[in-house]
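Peer 1: Below is one structure. I have some questions about it.
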Amino acid sequence: MKARAGASGRAAGLSGRGRAGEFSGERAVSGINPVISAGAGVEPPVLFPFSRAGFCFPEGENSASRRFKGTVKSVNSGQRRCDLRRLVDALPEDKIEAARRLLEILLVESGELLPEGLVERLSLIERIVDFLPDGVLAVDREGRVVVWNRAVEEMTGVRKEEVLGRGEYAYAVPFYGERRPILVNILLGNGKEWEQKYEKIERKGQVLIGEGFAPCAYGGRGLHFWTLAAPICDEEGNLLGAVQCIRDIGERKKMEDELRHWSTHDALTGLYNRAFFEEELRRLEKGRSFPVSIIVCDLDGLKVVNDALGHERGDELLRRAAKVVAGCVRGSDVVARVSGDEFAVILPQTDRKTAEEVVGRIIEAVERDNAQHPDFPLSVSLGAATAEDASRPLREVYAEADDAMYRDKLARGAEPHRAIVRVFKAALAEKDFVAEGHTERVKELACMLGKAVGLSRSNLDTLRLLADVHDVGKLGVPEHILFKPSALTGEEWEEVRCHPEVGYRIALSSPELAPVAELIRQHHERWNGRGYPRGLCGEEIHILSRILAIADAYDAMTSERPYRPALSHEEALEELKRCAGTQFDPRLVEIFVRLLSEKGET
C-alpha cells in the first residue's frame, strides 16, 4: 500500500497506522506516530536529523529535490539507490556491509511517494554513522561540513551542531589548531602541498589513504590516526563532495614504538643491545666523530652468581652495573649490553686520555655503589681503546678494548675472587647454612695445618679461597633437609651427598673460582675410598681437600647443630684420631692434633 502526502505537507505512513509525521517549513517534526517515537526515542517538535542540503551534497535546493524524486523512483523500482548509500559505499571496506544492511532509508520532502516502513526507520542512518567506531566526516564540493559523527565529536570535543555547514577549513582547527586542508580537501584538489604533512600518504585510484598525527585532538593529548578519503558522486559520476574516515591508531602506534624500542634495546637493563651497538660502529666509521673511544666493562662472577644464587640475584647485579656505567658517560654516548656479562661504551669525539678518565669515574662509581650494598658487591673489569681517525676499523678498536679488559682482570688478581666470596658468604649467612664464623674458623685452622706441612704461598692462597667457598654447594640443598632435627632419610642423604658436585659445577662456571672447583668436589672424599661423590682414596684426594676436610670436621663437631649438641675440644680431637686412616689422612690428623694441643685449644 502506498499513499501520497497531502497539500498540507503531511506524510502518511504506509503501515495502516495513520499519520507517520508532519514536517514544518523548517523541517521540524511537528507530529510523529508511536512507532517512530518508540524506535527513534524522540518526541516532537524535533529538528529533522538530515537536511536535503546536508547528506545529498547539492549544488542547490532545486537540484536536491530533483535527485530525491529520481531516487524515490529508483527505490520503488527495486534498485534501492540513494545519495546516502553513496556515502556508505565510500566508507572503508570493513564497515560497508554492516552499514548497507541497515541503509534502507530515503530522505524525502512532503509530496513524494514513501515506501512502506520508511519513516519508522528514518533515524537508522544517523545511528549507523554515529555509532561507527571510526570517525566519519564529509564535506560538499565547496568544502562545507555535511557529516560529523559521534566518534569525530569525541576526537575533537566539537559537537556536530557547531560545525555542520561550516567551511573554510574551520573543521581542521580542533585537530591541528589552525585552518588548513585535510585529506578530503586534498582529494577535492585543494591544498595538495599539505600532503607532506602526513607521515604516510598513498593514492589508490580515486581514494587517498594516509597516516598522521593531530596534536590538538582529545583535548591536546593528540591523536595518531589512519585515514581514508573517498569521493561522493551521483549516478552520472558527477562529484558531489568527499567523505573521510578517521581511525584512532594510538594503541597500534604505541605497540609499534615499543617494538621498535626493544628491537634496539636490552629488555633487562634498558641499555642498547648488541645489534644497535654494531650498527653504531658501522655508522661512526663513515662519519666525522673521530677520535672514537670504546670502553669494555665485564661484570665479574655473574655466571657463578646465577648458578649459585639464582638469576634474580644475577639480574640485580646486571641492573646495578648498567646504572653505574650509564651514569658515568654523556647522554650522547652509546652504552650497550653486548653479551650476558659484558657492557660496551662508544665515546664519539673522545681521545684516549679522556676515555681513561671515564674508566676512573666508573671505578669510583662502583665503589660508591658497593658502599650501599656491602653484602652484594659489584666487581668489574675495564678496558679502553681509541681510534684517532678512520684508518682503523672500529671492530679492531673494540677487540683491543676487550683485550685490555682481560688484562685488567688478571692484574687485579684476587680482587674478583674476594668480591664473589663476599657474595657467597652473605648468601650462606642469609640462609643460615653455616654456623656464624664457621668459614673464618675453618680457614684459620686449614692455613695453620697447611703452613705446618710446608705449603707454598700460592697453595695457601688457594686453600684460603677453598675454605671461603667450600660450602657453596649447600645453596642447592633444600633448607628443610640441612636443618632437619631428626635423622635424614635415604633420599635426603642423597640430596646432601650431591652438594660437593653442585659446588664443583658452580665454581667451574666462574673463571674466578675455577681453580678450586675440583677441590670443592673432593672435600667429602674419605681416605679409605668410601666418601663421596667419586669414591677417591688415599693420595688420589688432593692434599688441600684433605686438609680442609680435617679443619671442617673439627669445627663442625665443636659447633652446635640442630640434630646434636656441640662436642668439647677433647672429644673432637678423640673423634679425629678415631677416624684417622678411614675418613682422614692419618699423617695430617697427627699433625693437626699436635698443633691444637700445643696451641692449647679449649
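In the C-alpha cells, chains take the letters A, B, ... in the order shown, each chain's residues start at 1, and ligands count up from 1 in the order shown.
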Considering only C-alpha atoms, return as JSON, numbers by chain whatever protein or nucleic-acid residues lie within 8 Å of range 407-424 of chain A, sequence-local ones (same chain, fewer than 3 positions apart) excluded.
Peer 2: {"A": [300, 301, 305, 375, 376, 377, 378, 379, 380, 381, 382, 383, 403, 404, 427, 428, 465, 468, 469, 472, 512, 513]}
Peer 1: Can you list, as a PyMOL selection string, every protein, DNA or RNA residue that comes within 9 Å of range 249-255 of chain A when you count only C-alpha atoms, leaving out same-chain residues fewer than 3 positions away?
Peer 2: chain A and resi 223-226+258-260
Peer 1: For range 278-294 of chain A, list every protein, DNA or RNA residue within 8 Å, evaluated using only C-alpha atoms, and leave out those in the same chain fewer than 2 positions away; present the list as a list in words.
Peer 2: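 Using only C-alpha atoms, the neighbours found are Arg274, Ala275, Phe276, Val296, Ala344, Val345, Ile346, Leu347, Pro348, Gln349, Thr350, Asp351, Arg352, Ala355, Ala384, Ala385, Thr386, Ala387, Glu388, Asp389, Ala390, Pro393, Leu394, Arg395, Val397, Tyr398 and Ala401 of chain A.
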Peer 1: Could you write out that same residue set with C-alpha atoms as a PDB file, in the first residue's frame?
Peer 2:
ATOM      1  CA  ARG A 274      74.414  -5.798  20.611  1.00  0.00           C
ATOM      2  CA  ALA A 275      72.673  -5.236  17.256  1.00  0.00           C
ATOM      3  CA  PHE A 276      72.411  -1.481  17.817  1.00  0.00           C
ATOM      4  CA  VAL A 296      84.552  -2.616  27.617  1.00  0.00           C
ATOM      5  CA  ALA A 344      80.496  -1.657  25.960  1.00  0.00           C
ATOM      6  CA  VAL A 345      80.538   2.124  25.694  1.00  0.00           C
ATOM      7  CA  ILE A 346      81.112   4.081  22.470  1.00  0.00           C
ATOM      8  CA  LEU A 347      82.502   7.566  23.089  1.00  0.00           C
ATOM      9  CA  PRO A 348      82.475   9.704  19.907  1.00  0.00           C
ATOM     10  CA  GLN A 349      84.909  12.633  19.757  1.00  0.00           C
ATOM     11  CA  THR A 350      86.793  11.280  22.768  1.00  0.00           C
ATOM     12  CA  ASP A 351      90.571  10.829  22.903  1.00  0.00           C
ATOM     13  CA  ARG A 352      92.442   8.164  24.872  1.00  0.00           C
ATOM     14  CA  ALA A 355      88.495   7.675  27.884  1.00  0.00           C
ATOM     15  CA  ALA A 384      89.625   1.039  26.829  1.00  0.00           C
ATOM     16  CA  ALA A 385      90.965   1.704  23.329  1.00  0.00           C
ATOM     17  CA  THR A 386      90.846   4.636  20.894  1.00  0.00           C
ATOM     18  CA  ALA A 387      90.724   5.169  17.135  1.00  0.00           C
ATOM     19  CA  GLU A 388      92.270   8.538  16.342  1.00  0.00           C
ATOM     20  CA  ASP A 389      90.934   8.542  12.775  1.00  0.00           C
ATOM     21  CA  ALA A 390      89.090   6.401  10.234  1.00  0.00           C
ATOM     22  CA  PRO A 393      88.099  -0.311  11.697  1.00  0.00           C
ATOM     23  CA  LEU A 394      86.186   0.234  14.920  1.00  0.00           C
ATOM     24  CA  ARG A 395      85.748  -3.529  15.256  1.00  0.00           C
ATOM     25  CA  VAL A 397      89.315  -0.972  18.404  1.00  0.00           C
ATOM     26  CA  TYR A 398      86.562  -2.899  20.180  1.00  0.00           C
ATOM     27  CA  ALA A 401      89.437  -2.712  24.405  1.00  0.00           C
TER      28      ALA A 401
END
Peer 1: Taking 3 positions as the minimum chain separation for residues in the same chain, which residues sit within 9 Å of Val304 in chain A when counting only C-alpha atoms? Answer as a PDB file with N, CA and C atoms, in the first residue's frame.
Peer 2:
ATOM      1  N   GLY A 301      82.104 -12.631  37.779  1.00  0.00           N
ATOM      2  CA  GLY A 301      81.384 -13.620  38.572  1.00  0.00           C
ATOM      3  C   GLY A 301      79.890 -13.717  38.342  1.00  0.00           C
ATOM      4  N   ASP A 307      74.252 -19.243  38.880  1.00  0.00           N
ATOM      5  CA  ASP A 307      74.175 -20.673  39.176  1.00  0.00           C
ATOM      6  C   ASP A 307      73.935 -20.941  40.656  1.00  0.00           C
ATOM      7  N   ALA A 308      74.572 -20.150  41.500  1.00  0.00           N
ATOM      8  CA  ALA A 308      74.501 -20.421  42.934  1.00  0.00           C
ATOM      9  C   ALA A 308      73.315 -19.751  43.610  1.00  0.00           C
ATOM     10  N   LEU A 309      73.027 -18.526  43.225  1.00  0.00           N
ATOM     11  CA  LEU A 309      72.011 -17.752  43.930  1.00  0.00           C
ATOM     12  C   LEU A 309      70.736 -17.557  43.128  1.00  0.00           C
ATOM     13  N   GLY A 314      71.428 -12.449  39.969  1.00  0.00           N
ATOM     14  CA  GLY A 314      72.304 -12.050  38.879  1.00  0.00           C
ATOM     15  C   GLY A 314      71.752 -10.870  38.105  1.00  0.00           C
ATOM     16  N   ILE A 420      83.356 -12.092  44.897  1.00  0.00           N
ATOM     17  CA  ILE A 420      82.449 -13.233  44.786  1.00  0.00           C
ATOM     18  C   ILE A 420      82.328 -13.951  46.121  1.00  0.00           C
ATOM     19  N   ARG A 505      80.251 -27.614  40.077  1.00  0.00           N
ATOM     20  CA  ARG A 505      79.702 -27.017  38.851  1.00  0.00           C
ATOM     21  C   ARG A 505      79.598 -25.500  38.969  1.00  0.00           C
ATOM     22  N   ILE A 506      79.216 -25.043  40.144  1.00  0.00           N
ATOM     23  CA  ILE A 506      79.118 -23.596  40.351  1.00  0.00           C
ATOM     24  C   ILE A 506      80.484 -22.946  40.190  1.00  0.00           C
ATOM     25  N   ALA A 507      81.482 -23.516  40.851  1.00  0.00           N
ATOM     26  CA  ALA A 507      82.825 -22.931  40.797  1.00  0.00           C
ATOM     27  C   ALA A 507      83.418 -23.024  39.399  1.00  0.00           C
ATOM     28  N   LEU A 508      83.143 -24.128  38.712  1.00  0.00           N
ATOM     29  CA  LEU A 508      83.711 -24.321  37.381  1.00  0.00           C
ATOM     30  C   LEU A 508      83.157 -23.305  36.388  1.00  0.00           C
ATOM     31  N   SER A 509      81.970 -22.799  36.665  1.00  0.00           N
ATOM     32  CA  SER A 509      81.353 -21.846  35.742  1.00  0.00           C
ATOM     33  C   SER A 509      81.940 -20.450  35.860  1.00  0.00           C
ATOM     34  N   SER A 510      82.796 -20.241  36.853  1.00  0.00           N
ATOM     35  CA  SER A 510      83.360 -18.909  37.067  1.00  0.00           C
ATOM     36  C   SER A 510      84.873 -18.944  36.925  1.00  0.00           C
ATOM     37  N   LEU A 513      86.585 -18.757  40.303  1.00  0.00           N
ATOM     38  CA  LEU A 513      86.542 -19.888  41.233  1.00  0.00           C
ATOM     39  C   LEU A 513      86.967 -21.208  40.601  1.00  0.00           C
TER      40      LEU A 513
END
Peer 1: Calculated over only C-alpha atoms, which of the candidates A:Leu567, A:Leu271, A:Leu463, A:Ile550 has the smallest distance to Gly331 in chain A?
Peer 2: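 Nearest to Gly331 in chain A: A:Leu271.
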Peer 1: Between CA of Arg497 in chain A and CA of Glu575 in chain A, what is the distance in Å, rounded to a tenth?
Peer 2: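 One can read the CA of Arg497 in chain A to CA of Glu575 in chain A distance as 21.4 Å.
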